[in-house]
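Engineer: Quick one, work-v3.cif (mmCIF, N, CA and C atoms):
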```
data_structure
#
loop_
_atom_site.label_atom_id
_atom_site.label_comp_id
_atom_site.auth_asym_id
_atom_site.auth_seq_id
_atom_site.Cartn_x
_atom_site.Cartn_y
_atom_site.Cartn_z
N MET A 14 0.83 -1.18 0.00
CA MET A 14 0.00 0.00 0.00
C MET A 14 0.88 1.25 0.00
N SER A 15 0.33 2.34 -0.46
CA SER A 15 1.10 3.58 -0.49
C SER A 15 0.96 4.31 0.85
N LEU A 16 1.77 5.31 1.01
CA LEU A 16 1.82 6.05 2.27
C LEU A 16 0.48 6.73 2.58
N GLY A 17 -0.16 7.29 1.58
CA GLY A 17 -1.44 7.95 1.79
C GLY A 17 -2.51 6.99 2.29
N TRP A 18 -2.55 5.81 1.71
CA TRP A 18 -3.51 4.80 2.15
C TRP A 18 -3.19 4.32 3.55
N ASP A 19 -1.91 4.19 3.88
CA ASP A 19 -1.51 3.76 5.21
C ASP A 19 -1.99 4.74 6.28
N LEU A 20 -2.13 6.00 5.92
CA LEU A 20 -2.62 7.01 6.85
C LEU A 20 -4.14 7.10 6.82
N ALA A 21 -4.75 7.06 5.64
CA ALA A 21 -6.17 7.33 5.50
C ALA A 21 -7.07 6.16 5.90
N VAL A 22 -6.68 4.93 5.58
CA VAL A 22 -7.55 3.78 5.83
C VAL A 22 -7.85 3.58 7.31
N PRO A 23 -6.86 3.63 8.21
CA PRO A 23 -7.21 3.45 9.62
C PRO A 23 -8.12 4.57 10.16
N ILE A 24 -7.92 5.78 9.69
CA ILE A 24 -8.76 6.88 10.15
C ILE A 24 -10.18 6.70 9.65
N PHE A 25 -10.32 6.47 8.36
CA PHE A 25 -11.66 6.29 7.78
C PHE A 25 -12.34 5.05 8.36
N GLY A 26 -11.59 3.97 8.50
CA GLY A 26 -12.16 2.74 9.06
C GLY A 26 -12.61 2.93 10.49
N GLY A 27 -11.83 3.67 11.28
CA GLY A 27 -12.22 3.92 12.66
C GLY A 27 -13.49 4.74 12.75
N VAL A 28 -13.60 5.76 11.92
CA VAL A 28 -14.81 6.58 11.93
C VAL A 28 -16.01 5.77 11.48
N LEU A 29 -15.85 4.99 10.42
CA LEU A 29 -16.97 4.19 9.91
C LEU A 29 -17.42 3.16 10.94
N LEU A 30 -16.48 2.45 11.52
CA LEU A 30 -16.83 1.44 12.53
C LEU A 30 -17.45 2.11 13.75
N GLY A 31 -16.89 3.22 14.18
CA GLY A 31 -17.43 3.94 15.33
C GLY A 31 -18.84 4.44 15.08
N TYR A 32 -19.07 4.94 13.89
CA TYR A 32 -20.41 5.43 13.54
C TYR A 32 -21.42 4.28 13.58
N GLN A 33 -21.04 3.15 13.02
CA GLN A 33 -21.95 2.00 13.01
C GLN A 33 -22.22 1.51 14.44
N LEU A 34 -21.18 1.46 15.27
CA LEU A 34 -21.39 1.05 16.66
C LEU A 34 -22.28 2.04 17.41
N ASP A 35 -22.09 3.33 17.17
CA ASP A 35 -22.92 4.34 17.82
C ASP A 35 -24.38 4.23 17.41
N ARG A 36 -24.61 3.96 16.14
CA ARG A 36 -26.00 3.78 15.68
C ARG A 36 -26.61 2.54 16.30
N TRP A 37 -25.86 1.45 16.35
CA TRP A 37 -26.37 0.17 16.85
C TRP A 37 -26.63 0.23 18.36
N LEU A 38 -25.72 0.88 19.10
CA LEU A 38 -25.83 0.93 20.56
C LEU A 38 -26.48 2.21 21.07
N ALA A 39 -26.80 3.15 20.17
CA ALA A 39 -27.41 4.44 20.53
C ALA A 39 -26.60 5.16 21.60
N THR A 40 -25.31 5.35 21.32
CA THR A 40 -24.41 5.95 22.31
C THR A 40 -23.93 7.35 21.89
N GLY A 41 -24.64 8.02 21.03
CA GLY A 41 -24.21 9.36 20.60
C GLY A 41 -22.99 9.24 19.69
N TYR A 42 -21.92 9.95 20.04
CA TYR A 42 -20.71 9.91 19.21
C TYR A 42 -19.50 9.35 19.96
N MET A 43 -19.76 8.60 21.02
CA MET A 43 -18.68 8.10 21.85
C MET A 43 -17.73 7.19 21.07
N PHE A 44 -18.24 6.19 20.39
CA PHE A 44 -17.38 5.27 19.65
C PHE A 44 -16.76 5.93 18.41
N THR A 45 -17.52 6.82 17.78
CA THR A 45 -16.98 7.51 16.61
C THR A 45 -15.74 8.32 16.98
N LEU A 46 -15.82 9.08 18.03
CA LEU A 46 -14.68 9.89 18.45
C LEU A 46 -13.53 9.03 18.97
N GLY A 47 -13.87 8.02 19.73
CA GLY A 47 -12.83 7.14 20.26
C GLY A 47 -12.07 6.40 19.17
N LEU A 48 -12.80 5.86 18.22
CA LEU A 48 -12.15 5.13 17.13
C LEU A 48 -11.49 6.07 16.13
N LEU A 49 -11.97 7.30 16.03
CA LEU A 49 -11.28 8.31 15.21
C LEU A 49 -9.90 8.57 15.79
N ILE A 50 -9.84 8.78 17.09
CA ILE A 50 -8.54 9.03 17.74
C ILE A 50 -7.63 7.82 17.60
N LEU A 51 -8.18 6.63 17.79
CA LEU A 51 -7.39 5.41 17.61
C LEU A 51 -6.91 5.29 16.16
N GLY A 52 -7.77 5.59 15.20
CA GLY A 52 -7.39 5.53 13.79
C GLY A 52 -6.29 6.51 13.44
N ILE A 53 -6.35 7.70 14.02
CA ILE A 53 -5.29 8.69 13.80
C ILE A 53 -3.97 8.17 14.35
N GLY A 54 -4.02 7.60 15.54
CA GLY A 54 -2.80 7.04 16.13
C GLY A 54 -2.21 5.92 15.29
N VAL A 55 -3.06 5.02 14.83
CA VAL A 55 -2.59 3.90 13.99
C VAL A 55 -2.05 4.42 12.66
N GLY A 56 -2.73 5.41 12.08
CA GLY A 56 -2.28 5.97 10.81
C GLY A 56 -0.90 6.61 10.94
N TYR A 57 -0.69 7.39 11.98
CA TYR A 57 0.61 8.02 12.16
C TYR A 57 1.68 7.01 12.54
N TYR A 58 1.30 5.94 13.24
CA TYR A 58 2.25 4.86 13.51
C TYR A 58 2.71 4.23 12.19
N ASN A 59 1.76 4.01 11.28
CA ASN A 59 2.10 3.46 9.96
C ASN A 59 3.06 4.38 9.20
N VAL A 60 2.82 5.68 9.27
CA VAL A 60 3.69 6.64 8.60
C VAL A 60 5.09 6.60 9.21
N ALA A 61 5.18 6.58 10.54
CA ALA A 61 6.48 6.53 11.21
C ALA A 61 7.22 5.25 10.85
N ARG A 62 6.50 4.14 10.80
CA ARG A 62 7.12 2.86 10.43
C ARG A 62 7.63 2.91 8.99
N PHE A 63 6.87 3.53 8.09
CA PHE A 63 7.30 3.67 6.71
C PHE A 63 8.56 4.51 6.61
N ILE A 64 8.61 5.61 7.37
CA ILE A 64 9.78 6.49 7.34
C ILE A 64 11.01 5.75 7.86
N ARG A 65 10.85 4.99 8.96
CA ARG A 65 11.98 4.21 9.48
C ARG A 65 12.48 3.20 8.46
N ARG A 66 11.55 2.56 7.75
CA ARG A 66 11.93 1.56 6.74
C ARG A 66 12.71 2.22 5.60
N VAL A 67 12.25 3.36 5.13
CA VAL A 67 12.94 4.07 4.05
C VAL A 67 14.31 4.54 4.53
N ASP A 68 14.38 5.04 5.76
CA ASP A 68 15.65 5.50 6.32
C ASP A 68 16.64 4.34 6.44
N ARG A 69 16.17 3.19 6.89
CA ARG A 69 17.03 2.02 7.01
C ARG A 69 17.56 1.58 5.64
N ARG A 70 16.69 1.59 4.64
CA ARG A 70 17.13 1.21 3.29
C ARG A 70 18.18 2.17 2.75
N SER A 71 17.97 3.46 2.97
CA SER A 71 18.94 4.43 2.45
C SER A 71 20.27 4.30 3.19
N ALA A 72 20.24 3.99 4.48
CA ALA A 72 21.48 3.80 5.22
C ALA A 72 22.22 2.55 4.72
N GLU A 73 21.47 1.48 4.43
CA GLU A 73 22.09 0.27 3.90
C GLU A 73 22.70 0.53 2.53
N GLU A 74 22.00 1.28 1.69
CA GLU A 74 22.53 1.60 0.36
C GLU A 74 23.79 2.46 0.47
N ALA A 75 23.81 3.41 1.41
CA ALA A 75 24.98 4.25 1.59
C ALA A 75 26.17 3.41 2.07
N THR A 76 25.90 2.45 2.95
CA THR A 76 26.97 1.57 3.44
C THR A 76 27.52 0.73 2.30
N GLN A 77 26.64 0.20 1.46
CA GLN A 77 27.09 -0.60 0.32
C GLN A 77 27.91 0.24 -0.65
N GLU A 78 27.50 1.47 -0.89
CA GLU A 78 28.25 2.35 -1.79
C GLU A 78 29.64 2.65 -1.23
N GLN A 79 29.72 2.87 0.08
CA GLN A 79 31.01 3.12 0.71
C GLN A 79 31.92 1.90 0.62
N GLU A 80 31.34 0.72 0.80
CA GLU A 80 32.13 -0.50 0.69
C GLU A 80 32.64 -0.69 -0.73
N GLN A 81 31.79 -0.40 -1.72
CA GLN A 81 32.20 -0.54 -3.12
C GLN A 81 33.29 0.47 -3.45
N GLU A 82 33.18 1.68 -2.95
CA GLU A 82 34.21 2.69 -3.19
C GLU A 82 35.52 2.28 -2.54
N GLY A 83 35.43 1.69 -1.35
CA GLY A 83 36.63 1.22 -0.66
C GLY A 83 37.31 0.10 -1.41
N GLU A 84 36.53 -0.79 -2.01
CA GLU A 84 37.09 -1.90 -2.79
C GLU A 84 37.76 -1.36 -4.06
N GLN A 85 37.18 -0.35 -4.67
CA GLN A 85 37.77 0.22 -5.89
C GLN A 85 39.08 0.93 -5.60
N VAL A 86 39.19 1.56 -4.45
CA VAL A 86 40.41 2.27 -4.08
C VAL A 86 41.52 1.26 -3.81
N ASN A 87 41.17 0.13 -3.20
CA ASN A 87 42.17 -0.89 -2.87
C ASN A 87 42.70 -1.62 -4.09
N GLU A 88 42.01 -1.55 -5.18
CA GLU A 88 42.44 -2.30 -6.37
C GLU A 88 43.54 -1.64 -7.12
#
```
As a first step, turn the structure in this file into structure tokens.
Structural biologist:
Amino acid sequence: MSLGWDLAVPIFGGVLLGYQLDRWLATGYMFTLGLLILGIGVGYYNVARFIRRVDRRSAEEATQEQEQEGEQVNE
């Protein structure tokens, strides 16, 4: 999935599920707001995880490039 979907789906899903629970249990907007906040948290966690993954890949690529440059200098 793309980064936008990783952020939007948990938020939208939380609101939709919360709305349905509120209608079914007649609880006003308690579940909608609660699951909205949870969805925002999960969405931003997904974004942070994506950023860490990209950062790790770029660090690995930089290390490989440095190793290749070191091998070329030694030859």
Engineer: Could you tell me how far atom C of Leu48 of chain A lies from atom CA of Arg65 of chain A, in Å and to one decimal?
Structural biologist: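 Calculated distance between atom C of Leu48 of chain A and atom CA of Arg65 of chain A is 24.5 Å.
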Engineer: Could you tell me which of A:Ile24, A:Leu38, A:Arg62, A:Arg69 comes closest to Ile50 of chain A if we count only N, CA and C atoms?
Structural biologist: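 Residue with the minimum atom-to-atom distance to Ile50 of chain A: A:Ile24.
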Engineer: Could you state the separation of atom C of Asp35 of chain A and atom CA of Leu49 of chain A in Å, given to one decimal place?
Structural biologist: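 Rounded to one decimal, the two atoms are 13.9 Å apart.
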Engineer: Figure out the distance between atom C of Gly56 of chain A and atom N of Thr76 of chain A, please, to one decimal in Å.
Structural biologist: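 These atoms are spaced 28.3 Å apart.
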Engineer: With distances taken over only N, CA and C atoms, which residue among A:Leu16, A:Ser71, A:Tyr57, A:Gly47 lies nearest Gly31 of chain A?
Structural biologist: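 Among A:Leu16, A:Ser71, A:Tyr57, A:Gly47, it is A:Gly47 that comes nearest to Gly31 of chain A.
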Engineer: If we count only C-alpha atoms and set the cut-off at 10 Å, which residues sit around Val60 of chain A, ignoring sequence neighbours fewer than 6 positions away in its own chain? Please answer as a list in words.
Structural biologist: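 The residues satisfying every condition are Ser15, Leu16, Gly17, Trp18, Asp19, Leu20, Gly54 and Arg66 of chain A.
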Engineer: Pick out the residues sitting within 8 Å of Leu29 of chain A, and hand them over as a list of chain:residue names; count only C-alpha atoms, and ignore anything fewer than 4 positions along from it in its own chain.
Structural biologist: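 Residues near the query, excluding close chain neighbours: A:Phe25, A:Gln33, A:Thr45.
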Engineer: Of the candidates A:Asp68, A:Gly83, A:Val55, A:Ala61, which one gets nearest to Pro23 of chain A if we count only N, CA and C atoms?
Structural biologist: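 When distances to Pro23 of chain A are compared using only N, CA and C atoms, the smallest one comes from A:Val55.
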